[in-house]
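Next comes structure-v6.txt, with compact mmCIF, C-alpha atoms.
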# COMPACT_ATOMS: atom_id res chain seq x y z
CA MET R 1 22.43 -10.96 -7.49
CA ARG R 2 22.41 -7.91 -9.80
CA VAL R 3 20.27 -4.99 -8.69
CA LEU R 4 19.35 -1.64 -10.18
CA ILE R 5 18.60 1.30 -7.88
CA ILE R 6 16.37 4.16 -9.04
CA GLU R 7 16.70 6.84 -6.37
CA ASP R 8 17.24 10.62 -6.51
CA GLU R 9 18.33 11.21 -2.90
CA ALA R 10 22.00 10.51 -2.20
CA PRO R 11 21.53 9.83 1.55
CA ALA R 12 18.76 7.35 0.80
CA PHE R 13 20.93 5.57 -1.78
CA ARG R 14 23.87 5.37 0.62
CA ARG R 15 21.66 3.92 3.34
CA LEU R 16 20.19 1.36 0.95
CA GLN R 17 23.67 0.41 -0.30
CA LYS R 18 24.95 0.01 3.27
CA ILE R 19 22.06 -2.26 4.29
CA LEU R 20 22.37 -4.34 1.12
CA ASP R 21 26.07 -4.85 1.86
CA GLU R 22 25.16 -5.97 5.39
CA VAL R 23 22.40 -8.43 4.55
CA ARG R 24 23.71 -9.69 1.18
CA PRO R 25 27.50 -9.25 0.93
CA GLY R 26 28.71 -9.39 -2.65
CA ILE R 27 25.50 -8.06 -4.16
CA GLU R 28 26.17 -6.16 -7.41
CA ILE R 29 24.65 -2.72 -7.93
CA VAL R 30 24.71 -2.32 -11.70
CA GLU R 31 23.59 1.32 -11.79
CA VAL R 32 22.04 4.12 -9.74
CA ILE R 33 19.61 6.35 -11.67
CA ASP R 34 17.84 9.47 -10.37
CA SER R 35 15.15 10.33 -12.93
CA VAL R 36 12.32 8.94 -15.03
CA GLU R 37 13.98 10.04 -18.26
CA GLU R 38 17.33 8.38 -17.51
CA SER R 39 15.59 5.22 -16.28
CA VAL R 40 13.72 4.85 -19.57
CA LYS R 41 16.96 5.33 -21.52
CA TRP R 42 18.72 2.75 -19.35
CA PHE R 43 16.01 0.10 -19.79
CA ASN R 44 16.01 0.67 -23.55
CA ASN R 45 19.76 -0.01 -23.74
CA HIS R 46 20.50 -2.66 -21.12
CA ASN R 47 19.40 -6.11 -20.06
CA GLN R 48 17.24 -5.93 -16.99
CA PRO R 49 18.88 -6.90 -13.65
CA ASP R 50 17.61 -9.53 -11.23
CA LEU R 51 15.86 -7.05 -8.95
CA ILE R 52 14.99 -3.35 -9.02
CA PHE R 53 14.78 -0.95 -6.07
CA MET R 54 12.69 2.02 -7.08
CA ASP R 55 11.88 5.25 -5.27
CA ILE R 56 8.50 6.67 -6.25
CA GLN R 57 9.14 10.41 -6.26
CA LEU R 58 12.06 11.11 -8.60
CA SER R 59 13.74 14.33 -9.75
CA ASP R 60 11.53 14.72 -12.84
CA GLY R 61 8.31 12.89 -11.92
CA ILE R 62 7.05 9.72 -10.32
CA SER R 63 8.47 6.32 -11.16
CA PHE R 64 5.15 4.90 -12.38
CA GLU R 65 5.75 6.92 -15.55
CA ILE R 66 8.62 4.53 -16.34
CA PHE R 67 6.17 1.63 -16.62
CA ASP R 68 4.16 3.63 -19.17
CA GLN R 69 7.19 3.84 -21.49
CA VAL R 70 9.05 0.55 -21.11
CA GLU R 71 8.13 -3.01 -20.21
CA ILE R 72 9.68 -4.00 -16.90
CA VAL R 73 9.71 -7.78 -16.50
CA LYS R 74 11.73 -8.09 -13.30
CA PRO R 75 10.48 -7.80 -9.69
CA VAL R 76 10.43 -4.35 -8.10
CA ILE R 77 10.77 -3.30 -4.46
CA PHE R 78 9.44 0.23 -4.02
CA THR R 79 11.04 2.58 -1.49
CA THR R 80 9.32 5.81 -0.47
CA ALA R 81 8.74 8.22 2.39
CA PHE R 82 4.97 8.02 1.95
CA ASP R 83 2.48 5.17 1.72
CA ASP R 84 -0.06 7.04 -0.46
CA TYR R 85 1.04 5.14 -3.58
CA MET R 86 0.74 1.65 -2.10
CA LEU R 87 -2.34 0.64 -4.09
CA LYS R 88 -0.83 1.86 -7.36
CA ALA R 89 2.47 0.09 -6.61
CA PHE R 90 0.77 -3.28 -6.37
CA LYS R 91 -0.83 -2.79 -9.78
CA VAL R 92 2.64 -3.14 -11.34
CA ASN R 93 5.06 -6.00 -10.74
CA SER R 94 6.19 -5.08 -7.23
CA ILE R 95 6.86 -7.60 -4.50
CA ASP R 96 7.22 -5.15 -1.62
CA TYR R 97 6.75 -1.55 -0.54
CA LEU R 98 9.25 -0.21 2.02
CA LEU R 99 8.80 3.06 3.86
CA LYS R 100 11.82 5.29 4.44
CA PRO R 101 13.95 5.31 6.46
CA ILE R 102 14.43 1.69 5.42
CA LYS R 103 15.06 -0.71 8.28
CA THR R 104 17.58 -3.52 7.99
CA GLU R 105 15.17 -6.25 9.11
CA GLU R 106 12.46 -5.10 6.65
CA LEU R 107 14.87 -5.11 3.72
CA ALA R 108 16.14 -8.54 4.72
CA LEU R 109 12.57 -9.86 4.70
CA SER R 110 11.98 -8.34 1.25
CA LEU R 111 15.04 -10.11 -0.12
CA GLU R 112 13.86 -13.38 1.45
CA LYS R 113 10.54 -12.98 -0.38
CA TYR R 114 12.41 -12.40 -3.63
CA GLU R 115 14.52 -15.51 -3.07
CA GLN R 116 11.40 -17.51 -2.20
CA MET R 117 9.91 -16.43 -5.51
CA LEU R 118 13.03 -17.55 -7.38
CA THR R 119 13.00 -20.92 -5.63
CA MET R 120 9.38 -21.50 -6.64
CA PHE R 121 10.19 -20.49 -10.20
CA ASN R 122 13.21 -22.80 -10.43
CA ARG R 123 11.22 -25.72 -9.03
CA GLY R 124 8.73 -25.28 -11.83
CA GLN R 125 5.82 -24.50 -9.53
CA SER R 126 4.97 -21.76 -12.00
CA THR R 127 6.50 -20.66 -15.29
CA ASN R 128 4.78 -17.28 -15.12
CA LEU R 129 6.70 -14.57 -13.27
CA ASN R 130 3.55 -12.51 -12.76
CA ASP R 131 1.86 -15.47 -11.06
CA LEU R 132 4.77 -15.75 -8.63
CA ILE R 133 4.77 -12.02 -7.89
CA GLN R 134 1.06 -12.18 -7.18
CA HIS R 135 1.63 -15.13 -4.85
CA ILE R 136 4.27 -13.21 -2.90
CA ARG R 137 1.99 -10.19 -2.57
CA LEU R 138 -0.94 -12.20 -1.25
CA ASP R 139 1.24 -13.92 1.34
CA ASP R 140 2.44 -10.64 2.83
CA LYS R 141 0.09 -7.83 1.92
CA LYS R 142 0.78 -4.58 3.72
CA TYR R 143 -1.98 -2.20 4.64
CA LYS R 144 -1.96 1.56 4.93
CA ASN R 145 -1.08 2.71 8.43
CA ARG R 146 -1.26 6.49 8.06
CA PHE R 147 -2.74 9.23 5.87
CA LEU R 148 -1.46 12.68 4.99
CA VAL R 149 -4.21 15.29 5.26
CA LYS R 150 -4.19 19.03 4.74
CA GLN R 151 -4.75 21.29 7.75
CA GLY R 152 -4.58 24.93 6.73
CA ASP R 153 -1.21 25.46 5.07
CA LYS R 154 0.32 22.36 6.68
CA MET R 155 0.19 18.63 6.05
CA LEU R 156 -0.79 16.47 9.00
CA SER R 157 -0.12 12.75 9.40
CA VAL R 158 -3.05 10.78 10.81
CA GLU R 159 -2.39 7.25 12.05
CA THR R 160 -4.90 4.64 10.90
CA ASN R 161 -5.37 3.61 14.53
CA ASP R 162 -6.72 7.12 15.20
CA ILE R 163 -9.43 6.88 12.51
CA GLY R 164 -13.01 6.03 13.40
CA TYR R 165 -14.55 5.94 9.93
CA PHE R 166 -14.56 7.22 6.36
CA TYR R 167 -17.64 8.49 4.56
CA THR R 168 -18.57 10.08 1.25
CA ARG R 169 -20.84 13.03 0.61
CA ASN R 170 -21.52 14.52 -2.84
CA GLY R 171 -18.56 12.68 -4.35
CA ILE R 172 -16.11 13.87 -1.67
CA VAL R 173 -14.55 11.42 0.80
CA TYR R 174 -13.81 12.39 4.40
CA LEU R 175 -11.71 10.82 7.12
CA VAL R 176 -13.07 11.18 10.66
CA THR R 177 -10.85 10.58 13.67
CA ASN R 178 -11.81 8.94 16.95
CA SER R 179 -12.05 12.43 18.44
CA GLY R 180 -14.48 13.54 15.73
CA LYS R 181 -12.12 15.67 13.62
CA LYS R 182 -12.94 15.58 9.91
CA HIS R 183 -10.45 15.77 7.02
CA LEU R 184 -10.95 15.64 3.26
CA ILE R 185 -8.86 12.94 1.54
CA ASP R 186 -8.06 12.07 -2.05
CA HIS R 187 -9.22 8.44 -2.09
CA THR R 188 -12.46 6.73 -3.03
CA LEU R 189 -14.11 4.32 -0.61
CA ASP R 190 -13.34 1.53 -3.10
CA ASP R 191 -9.63 2.45 -2.92
CA LEU R 192 -9.74 2.54 0.86
CA THR R 193 -11.37 -0.88 1.03
CA ASN R 194 -8.26 -2.30 -0.66
CA LEU R 195 -5.76 -0.17 1.27
CA LEU R 196 -7.03 -0.93 4.78
CA ASP R 197 -6.84 -4.13 6.81
CA PRO R 198 -10.19 -5.94 6.40
CA ASP R 199 -9.89 -7.21 9.97
CA ASP R 200 -10.15 -3.58 11.14
CA PHE R 201 -12.44 -1.92 8.59
CA PHE R 202 -15.78 -2.92 7.08
CA ARG R 203 -17.69 -1.32 4.17
CA ALA R 204 -21.06 -0.96 5.88
CA ASN R 205 -22.75 0.59 2.83
CA ARG R 206 -22.04 2.85 -0.14
CA GLN R 207 -21.48 5.87 2.12
CA TYR R 208 -19.56 4.48 5.11
CA LEU R 209 -16.39 2.50 5.76
CA ILE R 210 -16.14 1.90 9.50
CA ARG R 211 -13.54 0.76 11.99
CA PHE R 212 -14.23 -2.07 14.42
CA SER R 213 -13.48 0.14 17.43
CA LEU R 214 -16.14 2.64 16.26
CA ILE R 215 -18.93 0.16 17.01
CA GLN R 216 -20.61 0.48 20.40
CA GLY R 217 -23.62 -1.68 19.62
CA VAL R 218 -25.67 -3.29 16.86
CA HIS R 219 -29.47 -3.27 16.73
CA LYS R 220 -32.10 -4.82 14.50
CA TYR R 221 -33.65 -2.33 12.10
CA HIS R 222 -36.52 -2.41 9.64
CA LYS R 223 -36.49 -4.58 6.48
CA GLY R 224 -33.82 -6.87 7.89
CA LYS R 225 -31.22 -4.13 8.19
CA LEU R 226 -28.86 -3.67 11.13
CA LEU R 227 -28.38 -0.29 12.82
CA ILE R 228 -24.89 0.48 14.13
CA GLU R 229 -24.51 2.42 17.34
CA THR R 230 -21.19 4.31 17.25
CA THR R 231 -18.73 5.76 19.76
CA VAL R 232 -18.21 8.81 17.51
CA LEU R 233 -21.06 11.03 16.33
CA THR R 234 -21.84 10.47 12.62
CA GLU R 235 -23.82 12.66 10.24
CA ASP R 236 -26.18 9.80 9.37
CA GLN R 237 -27.45 6.65 10.95
CA ILE R 238 -25.17 3.87 9.71
CA THR R 239 -27.05 0.79 8.58
CA VAL R 240 -26.01 -2.51 7.08
CA SER R 241 -28.31 -4.06 4.47
CA GLU R 242 -29.93 -7.44 4.92
CA GLU R 243 -27.70 -8.82 2.14
CA LYS R 244 -24.53 -7.75 3.97
CA SER R 245 -25.70 -8.52 7.49
CA SER R 246 -24.37 -12.08 7.47
CA SER R 247 -20.82 -11.05 6.46
CA PHE R 248 -20.99 -8.13 8.90
CA LYS R 249 -21.88 -10.43 11.79
CA LYS R 250 -19.08 -12.77 10.81
CA TRP R 251 -16.66 -9.82 10.75
CA LEU R 252 -17.82 -8.86 14.25
CA GLY R 253 -17.33 -12.43 15.45
CA MET R 254 -21.02 -12.88 16.23

File written out as structure tokens:
Amino acid sequence: MRVLIIEDEAPAFRRLQKILDEVRPGIEIVEVIDSVEESVKWFNNHNQPDLIFMDIQLSDGISFEIFDQVEIVKPVIFTTAFDDYMLKAFKVNSIDYLLKPIKTEELALSLEKYEQMLTMFNRGQSTNLNDLIQHIRLDDKKYKNRFLVKQGDKMLSVETNDIGYFYTRNGIVYLVTNSGKKHLIDHTLDDLTNLLDPDDFFRANRQYLIRFSLIQGVHKYHKGKLLIETTVLTEDQITVSEEKSSSFKKWLGM
């Protein structure tokens, strides 16, 4: 297997190389590149390898800029210290998204997914590489498990398990923790609906995206709506429309 590594941190490259040697002895690393500019030059002058490992934050920008300048037709495994770019990563031809520091077992599973994709392709189950990549993604979709929020001059990491709900007010989206602390975040509710596990979060209405553990009770409301009683104080009463009440009850297991 021939792989290309796009990574600007030497320790991260060495760790990735070490794990690759452990889980797939004999793997060939054709090149290590540390910038958007050099990556574009490389793709314009070389045949693409079997698989690409790509950090997101590079020395001169973010790696998504590479896709704007060259056509990448091979599968990509993204590696990054943050999960804020997960949604954007799955809009290009990625098959996995690994958080640093990369763990041996997680990388091994990523390579197994890649090999599964190749097996399907060789068996003729699909002749379209994009179809196979999409299949791999759907089989093992990862959801966001933490958010970086600003607190004064510092950045704070908030675990998804500590979040009660998200809501929007005047075009601004807020994250509210189980303890009632509120933080502004740079995501729309539509983005969050795709980033979060649908078993845990439900889009109650246009203003609120709520976590299962937030719900203390559900009551009938006027015009067929449902009123949600919450464990955390909210600025508004949270209601679910009559049209969404059936899917909401199913989500609750009612």

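Atom pair CA of Phe67 in chain R / CA of Met54 in chain R has a distance of 11.6 Å (rounded to one decimal).
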
Check your understanding: Could you list as number ranges by chain every residue that has an atom within 10 Å of (-9.8, -3.7, 6.9), using the file's coordinates and counting all atoms listed in the file?
Key -> R: 143-144, 192-203, 209-212, 251

Review point. Out of R:Val149, R:Val40, R:Leu51, R:Ile66, which residue has the shortest atom-to-atom distance to Tyr174 in chain R when counting only C-alpha atoms?
Key: R:Val149

Any idea what's packed within 12 Å of Asp186 in chain R, counting all atoms listed in the file, ignoring anything in its chain fewer than 4 positions away? Could you give it as a short mmCIF file (atom, residue, chain, number, x, y, z; two decimals) with C-alpha atoms, in the frame of the given file?
data_model
loop_
_atom_site.label_atom_id
_atom_site.label_comp_id
_atom_site.auth_asym_id
_atom_site.auth_seq_id
_atom_site.Cartn_x
_atom_site.Cartn_y
_atom_site.Cartn_z
CA ASP R 84 -0.06 7.04 -0.46
CA TYR R 85 1.04 5.14 -3.58
CA PHE R 147 -2.74 9.23 5.87
CA LEU R 148 -1.46 12.68 4.99
CA VAL R 149 -4.21 15.29 5.26
CA LYS R 150 -4.19 19.03 4.74
CA PHE R 166 -14.56 7.22 6.36
CA THR R 168 -18.57 10.08 1.25
CA GLY R 171 -18.56 12.68 -4.35
CA ILE R 172 -16.11 13.87 -1.67
CA VAL R 173 -14.55 11.42 0.80
CA TYR R 174 -13.81 12.39 4.40
CA LEU R 175 -11.71 10.82 7.12
CA ASP R 190 -13.34 1.53 -3.10
CA ASP R 191 -9.63 2.45 -2.92
CA LEU R 192 -9.74 2.54 0.86
#

Review point. Arg15 in chain R: which residues within 12 Å, counting all atoms listed in the file, same-chain residues fewer than 6 positions away excluded, as a list in words?
Key: Ile5, Glu7, Glu9, Asp21, Glu22, Thr79, Lys100, Pro101, Ile102, Lys103, Thr104 and Leu107 of chain R

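Distance-wise, CA of Arg2 in chain R and CA of Asn93 in chain R end up 17.5 Å apart.
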
Review point. So, counting only C-alpha atoms, which residue among R:Ser247, R:Ser110, R:Gln207, R:Ser39 is closest to Leu58 in chain R?
Key: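 Nearest to Leu58 in chain R: R:Ser39.
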
Exercise for review: Quick one: pull the distance between CA of His46 in chain R and CA of Leu118 in chain R, Å, one decimal.
Suggested key: 21.6 Å

**Study point:** Within 8 Å of Ile228 in chain R using only C-alpha atoms, minus same-chain residues under 6 positions, as an MDAnalysis selection string
**Key:** chainID R and resid 215:219 237:240

Expected file: the selected residues, C-alpha atoms, as a PDB file, in the frame of the given file:
ATOM      1  CA  ILE R 215     -18.930   0.160  17.010  1.00  0.00           C
ATOM      2  CA  GLN R 216     -20.610   0.480  20.400  1.00  0.00           C
ATOM      3  CA  GLY R 217     -23.620  -1.680  19.620  1.00  0.00           C
ATOM      4  CA  VAL R 218     -25.670  -3.290  16.860  1.00  0.00           C
ATOM      5  CA  HIS R 219     -29.470  -3.270  16.730  1.00  0.00           C
ATOM      6  CA  GLN R 237     -27.450   6.650  10.950  1.00  0.00           C
ATOM      7  CA  ILE R 238     -25.170   3.870   9.710  1.00  0.00           C
ATOM      8  CA  THR R 239     -27.050   0.790   8.580  1.00  0.00           C
ATOM      9  CA  VAL R 240     -26.010  -2.510   7.080  1.00  0.00           C
TER      10      VAL R 240
END
